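*Asks:* Got a structure for you, written out below as structure tokens; questions coming shortly.
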Amino acid sequence: MVSRACLRRAGLLALVLAFSGVVLSSAWAENTAIVPVPRNDNGWMARHQSFNDRVKQGNVDLLFIGDSITHGWEGAGKEVWAQYYANRNAVNLGIGGDKTEHVLWRLDNGNIDNIKPKLAVIMIGTNNCRANTAAEIAEGVDAIVKKLRTRLPEMRILLLAIFPRTDVDAETQQKIKDASAKFSADLAGDPMVEFKDIGKAFLNEKGELTKDIMPDLLHPNQKGYALEAEAIEPAITRLLAVADGWTALFNGKDLTGWEAVGGKSSWNVADGILYTEGAGGAWLSTAREYADFDLSVEFKVPEGGNSGVFIRAPRAGNPAFEGSEIQVLDDYADQYKDLKPYQYCGSVYSTIAATPRVTKPFGQWQKMDIHIQGQKITVTLNGTKVVDGDLSEHMDKVADHPGLKRTSGFIGLQDHSSRLDYRNVLIREIK
């Protein structure tokens with residue numbers, strides 16, 4: 001027999017759900033994680049309303065959706081947010097303590113009304129661990145993603161695994177892992193959704209989560225937010241660029257679209273990075289040829305590192321001369337101090353010198369943008385234009401450098417006997 005108290009509680013819940021616009025079904029009784037509900041908290045409602053007020057202003061390209069860890073971008077992560085996201089029209093839709101059901105309610109009640117973001121970053125579910133099973137948590141995350149895909153079909157989604165935590169018992173820690181694995185598998189078939197597990201970015205060399213990253217073993221401090229930003233930056237840059245009409249030549253996962261040419265390959269992919277071990281073997285070529293284009297590449301050289309980006313190269317011969325090479329180099333290495341000006345980073349190798357010299361010290365990520373249309377070429381390195389030239393003005397070198405005459409060819413990455421890391425290899429063809 002059901003007590004009168006139970007009936008009263010059920011009736012009250014039904015009224016709350018009805019007031020929230022929820023259609024009752026048997027599902028609500030089985031999994032609370034998928035039933036949109038607000039929280040009975042004035043502070044929570046005020047923050048929710050502040051989100052609605054912000055999105056009414058428009059100019060929203062990037063959303064962060066989640067709980068206290070997302071909310072914390074305004075606290076411990078404030079300086080990191082300013083560095084990475086302040087100039088990207090980013091909006092923080094995180095509220096401390098939220099579960100999947102609360103996010104679902106917020107999405108139904110103004111948080112995404114009348115906006116067209118390019119990308120949403122989602123990390124949610126850890127607060128459901130006490131009340132829900134791993135499968136139920138995954139279903140709640142699935143429901144959030146599906147709601148966003150319905151309401152904002154042109155928006156891409158970067159879905160993060162629930163962050164590791166060790167403030168809970170081993171069973172709950174496993175539940176978190178299982179939930180992330182489940183919603184990752186559930187959503188794997190949607191090309192607009194990309195899943196990323198960055199949990200190991202927070203762990204030390206022993207695989208431990210420590211208080212110097214998450215003081216309460218749950219919430220990141222400033223150092224932890226810096227680690228998060230660096231871990232998701234390649235995906236954010238690539239997905240925002242694709243939304244703006246660029247094509248990713250490197251998908252961040254594997255060597256699809258690339259082919260090794262001219263020897264044994266030492267090219268591999270790990271953690272969103274395309275890298276060579278530096279065996280001095282095969283160069284990496286795109287699967288197809290390109291003529292006029294804008295190319296954007298991020299690279300990191302080690303001390304004394306040497307590589308290059310080939311453009312309009314054939315598969316036969318030396319691509320640096322049968323096509324053209326944009327130099328990638330540790331300019332500050334002592335062994336390179338006597339090079340010719342056209343051999344330094346950003347130069348069109350053996351043709352046009354890069355000036356001014358704006359290379360960063362080794363070990364830092366650097367960005368190179370190459371624009372080539374007809375015989376006109378510009379190279380921008382770390383935000384400064386270092387080459388603005390015309391290849392047709394250098395035909396005195398064509399006997400040794402026949403690539404100066406080429407109008408199309410493959411794009412490639414050179415293996416020059418040193419470790420080299422690449423990411424965010426993006427192209428936009430000029431028709």
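In the structure tokens, the first chain shown is A, the next is B, and so on; residue numbers restart at 1 for each chain, and ligands run from 1 in the order shown.
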Residues near range 345-355 of chain A, anyone? I mean within 7 Å using only C-alpha atoms, not counting same-chain ones fewer than 2 positions away, as a PyMOL selection string.
*Replies:* chain A and resi 324-329+331+341-343+357+359+379+381+386-387+394
*Asks:* Using only C-alpha atoms, find each residue in range 315-393 of chain A having at least one atom no more than 9 Å away from range 288-308 of chain A; report its shortest atom-to-atom pair and that distance in Å (one decimal), rows by chain then rising number, as CSV.
*Replies:*
residue,atom,partner,partner_atom,distance
A:Ala320,CA,A:Gly308,CA,8.4
A:Glu325,CA,A:Gly308,CA,6.0
A:Ile326,CA,A:Gly308,CA,5.5
A:Gln327,CA,A:Gly308,CA,4.5
A:Val328,CA,A:Gly308,CA,4.6
A:Leu329,CA,A:Asn306,CA,4.5
A:Asp330,CA,A:Gly305,CA,5.3
A:Asp331,CA,A:Gly304,CA,8.0
A:Tyr332,CA,A:Gly304,CA,7.9
A:Ala333,CA,A:Gly304,CA,5.2
A:Asp334,CA,A:Gly304,CA,8.0
A:Gln335,CA,A:Gly304,CA,7.5
A:Tyr336,CA,A:Gly304,CA,8.1
A:Cys345,CA,A:Gly308,CA,8.6
A:Gly346,CA,A:Gly308,CA,9.0
A:Tyr349,CA,A:Gly308,CA,8.8
A:Pro361,CA,A:Glu303,CA,8.3
A:Phe362,CA,A:Pro302,CA,5.2
A:Gly363,CA,A:Pro302,CA,5.4
A:Gln364,CA,A:Lys300,CA,5.7
A:Trp365,CA,A:Lys300,CA,4.8
A:Gln366,CA,A:Phe299,CA,5.4
A:Lys367,CA,A:Glu298,CA,4.4
A:Met368,CA,A:Val297,CA,5.3
A:Asp369,CA,A:Ser296,CA,4.4
A:Ile370,CA,A:Leu295,CA,5.0
A:His371,CA,A:Asp294,CA,4.5
A:Ile372,CA,A:Asp292,CA,5.5
A:Gln373,CA,A:Asp292,CA,4.7
A:Gly374,CA,A:Asp292,CA,6.6
*Asks:* Residues within 12 Å of Arg149 in chain A, please, as a list in words. Count only C-alpha atoms; anything in the same chain fewer than 3 positions from it doesn't count.
*Replies:* Leu107, Ile112, Lys116, Pro117, Lys118, Leu119, Ala120, Asp142, Ala143, Ile144, Val145, Lys146, Leu152, Pro153, Glu154, Met155, Arg156, Ile157, Leu187, Asp190, Pro191, Met192 and Val193 of chain A
*Asks:* Just to be explicit: take each residue in the selection above, keep N, CA, C and O atoms, and write the result as an mmCIF file, in the first residue's frame.
*Replies:*
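New file part.cif:
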data_model
loop_
_atom_site.group_PDB
_atom_site.id
_atom_site.type_symbol
_atom_site.label_atom_id
_atom_site.label_comp_id
_atom_site.auth_asym_id
_atom_site.auth_seq_id
_atom_site.Cartn_x
_atom_site.Cartn_y
_atom_site.Cartn_z
ATOM 1 N N LEU A 107 18.311 24.673 -20.618
ATOM 2 C CA LEU A 107 18.303 24.739 -22.081
ATOM 3 C C LEU A 107 16.889 24.947 -22.618
ATOM 4 O O LEU A 107 16.699 25.561 -23.674
ATOM 5 N N ILE A 112 19.646 29.102 -24.436
ATOM 6 C CA ILE A 112 20.141 29.030 -25.816
ATOM 7 C C ILE A 112 19.141 29.632 -26.798
ATOM 8 O O ILE A 112 19.225 29.371 -28.001
ATOM 9 N N LYS A 116 23.142 31.529 -32.283
ATOM 10 C CA LYS A 116 23.665 30.551 -33.226
ATOM 11 C C LYS A 116 25.155 30.338 -32.968
ATOM 12 O O LYS A 116 26.007 30.752 -33.753
ATOM 13 N N PRO A 117 25.490 29.714 -31.851
ATOM 14 C CA PRO A 117 26.906 29.468 -31.549
ATOM 15 C C PRO A 117 27.523 28.510 -32.563
ATOM 16 O O PRO A 117 26.835 27.703 -33.195
ATOM 17 N N LYS A 118 28.835 28.604 -32.691
ATOM 18 C CA LYS A 118 29.548 27.690 -33.576
ATOM 19 C C LYS A 118 29.935 26.402 -32.863
ATOM 20 O O LYS A 118 30.039 25.349 -33.483
ATOM 21 N N LEU A 119 30.145 26.501 -31.532
ATOM 22 C CA LEU A 119 30.669 25.357 -30.794
ATOM 23 C C LEU A 119 30.224 25.427 -29.338
ATOM 24 O O LEU A 119 30.170 26.512 -28.752
ATOM 25 N N ALA A 120 29.909 24.258 -28.785
ATOM 26 C CA ALA A 120 29.649 24.143 -27.348
ATOM 27 C C ALA A 120 30.592 23.110 -26.751
ATOM 28 O O ALA A 120 30.781 22.027 -27.322
ATOM 29 N N ASP A 142 23.417 12.191 -22.892
ATOM 30 C CA ASP A 142 22.875 11.988 -24.237
ATOM 31 C C ASP A 142 21.715 12.952 -24.497
ATOM 32 O O ASP A 142 21.610 13.548 -25.584
ATOM 33 N N ALA A 143 20.840 13.100 -23.505
ATOM 34 C CA ALA A 143 19.663 13.955 -23.664
ATOM 35 C C ALA A 143 20.065 15.414 -23.867
ATOM 36 O O ALA A 143 19.457 16.130 -24.679
ATOM 37 N N ILE A 144 21.094 15.867 -23.163
ATOM 38 C CA ILE A 144 21.582 17.241 -23.337
ATOM 39 C C ILE A 144 22.113 17.438 -24.744
ATOM 40 O O ILE A 144 21.774 18.417 -25.427
ATOM 41 N N VAL A 145 22.944 16.506 -25.184
ATOM 42 C CA VAL A 145 23.528 16.626 -26.527
ATOM 43 C C VAL A 145 22.440 16.585 -27.598
ATOM 44 O O VAL A 145 22.444 17.388 -28.541
ATOM 45 N N LYS A 146 21.491 15.683 -27.447
ATOM 46 C CA LYS A 146 20.429 15.559 -28.456
ATOM 47 C C LYS A 146 19.546 16.809 -28.480
ATOM 48 O O LYS A 146 19.076 17.234 -29.539
ATOM 49 N N LEU A 152 19.997 23.526 -32.035
ATOM 50 C CA LEU A 152 21.086 24.245 -32.711
ATOM 51 C C LEU A 152 21.813 23.281 -33.654
ATOM 52 O O LEU A 152 22.955 22.893 -33.424
ATOM 53 N N PRO A 153 21.158 22.885 -34.731
ATOM 54 C CA PRO A 153 21.691 21.810 -35.573
ATOM 55 C C PRO A 153 23.006 22.134 -36.273
ATOM 56 O O PRO A 153 23.728 21.227 -36.678
ATOM 57 N N GLU A 154 23.341 23.418 -36.429
ATOM 58 C CA GLU A 154 24.589 23.791 -37.100
ATOM 59 C C GLU A 154 25.748 23.952 -36.130
ATOM 60 O O GLU A 154 26.884 24.191 -36.547
ATOM 61 N N MET A 155 25.491 23.831 -34.852
ATOM 62 C CA MET A 155 26.534 23.992 -33.845
ATOM 63 C C MET A 155 27.269 22.673 -33.616
ATOM 64 O O MET A 155 26.664 21.628 -33.465
ATOM 65 N N ARG A 156 28.576 22.741 -33.574
ATOM 66 C CA ARG A 156 29.385 21.572 -33.248
ATOM 67 C C ARG A 156 29.518 21.438 -31.733
ATOM 68 O O ARG A 156 29.405 22.426 -31.005
ATOM 69 N N ILE A 157 29.778 20.227 -31.289
ATOM 70 C CA ILE A 157 29.840 19.956 -29.853
ATOM 71 C C ILE A 157 31.136 19.229 -29.527
ATOM 72 O O ILE A 157 31.469 18.216 -30.155
ATOM 73 N N LEU A 187 27.151 8.431 -28.676
ATOM 74 C CA LEU A 187 27.135 9.590 -29.572
ATOM 75 C C LEU A 187 28.201 9.517 -30.656
ATOM 76 O O LEU A 187 28.385 10.481 -31.413
ATOM 77 N N ASP A 190 27.573 10.585 -34.499
ATOM 78 C CA ASP A 190 27.157 11.932 -34.900
ATOM 79 C C ASP A 190 28.385 12.739 -35.314
ATOM 80 O O ASP A 190 29.253 13.033 -34.487
ATOM 81 N N PRO A 191 28.504 13.126 -36.596
ATOM 82 C CA PRO A 191 29.691 13.848 -37.055
ATOM 83 C C PRO A 191 29.833 15.249 -36.470
ATOM 84 O O PRO A 191 30.902 15.843 -36.562
ATOM 85 N N MET A 192 28.777 15.766 -35.858
ATOM 86 C CA MET A 192 28.831 17.096 -35.258
ATOM 87 C C MET A 192 29.258 17.051 -33.794
ATOM 88 O O MET A 192 29.386 18.081 -33.149
ATOM 89 N N VAL A 193 29.467 15.840 -33.274
ATOM 90 C CA VAL A 193 29.851 15.670 -31.871
ATOM 91 C C VAL A 193 31.220 15.009 -31.802
ATOM 92 O O VAL A 193 31.450 13.961 -32.403
#
*Asks:* Compile the contact shell of range 250-264 of chain A as number ranges by chain: residues with an atom at most 9 Å away, counting only C-alpha atoms, same-chain residues fewer than 5 positions apart removed.
*Replies:* A: 234-235, 238, 269-274, 279-288, 315-317, 412, 423-426
*Asks:* Using only C-alpha atoms, which of A:Gly58, A:Gly77, A:Gly66, A:Gly323 sits nearest Val141 in chain A?
*Replies:*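 Going through A:Gly58, A:Gly77, A:Gly66, A:Gly323 one by one, the smallest distance to Val141 in chain A is for A:Gly66.
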*Asks:* Could you list, as a short mmCIF file (atom, residue, chain, number, x, y, z; two decimals) with N, CA and C atoms, in the first residue's frame, every residue within 7 Å of range 70-75 of chain A, counting only C-alpha atoms and ignoring same-chain residues fewer than 4 positions away?
*Replies:*
data_model
loop_
_atom_site.label_atom_id
_atom_site.label_comp_id
_atom_site.auth_asym_id
_atom_site.auth_seq_id
_atom_site.Cartn_x
_atom_site.Cartn_y
_atom_site.Cartn_z
N PHE A 64 30.26 27.23 -22.99
CA PHE A 64 30.75 26.22 -22.06
C PHE A 64 29.57 25.85 -21.16
N ILE A 65 29.19 24.58 -21.16
CA ILE A 65 27.99 24.13 -20.46
C ILE A 65 28.39 23.10 -19.41
N GLY A 66 27.95 23.32 -18.15
CA GLY A 66 28.30 22.35 -17.14
C GLY A 66 27.92 22.76 -15.73
N TRP A 81 40.77 31.86 -18.60
CA TRP A 81 39.65 32.20 -19.49
C TRP A 81 39.96 33.46 -20.28
N ASN A 92 29.88 31.48 -20.50
CA ASN A 92 29.96 30.43 -19.49
C ASN A 92 28.55 30.12 -18.99
N GLY A 94 27.80 27.59 -16.78
CA GLY A 94 28.03 26.62 -15.72
C GLY A 94 27.46 27.09 -14.40
N ILE A 95 26.82 26.19 -13.66
CA ILE A 95 26.32 26.50 -12.32
C ILE A 95 26.76 25.39 -11.37
N GLY A 96 27.41 25.80 -10.28
CA GLY A 96 27.87 24.84 -9.29
C GLY A 96 26.73 23.99 -8.74
#
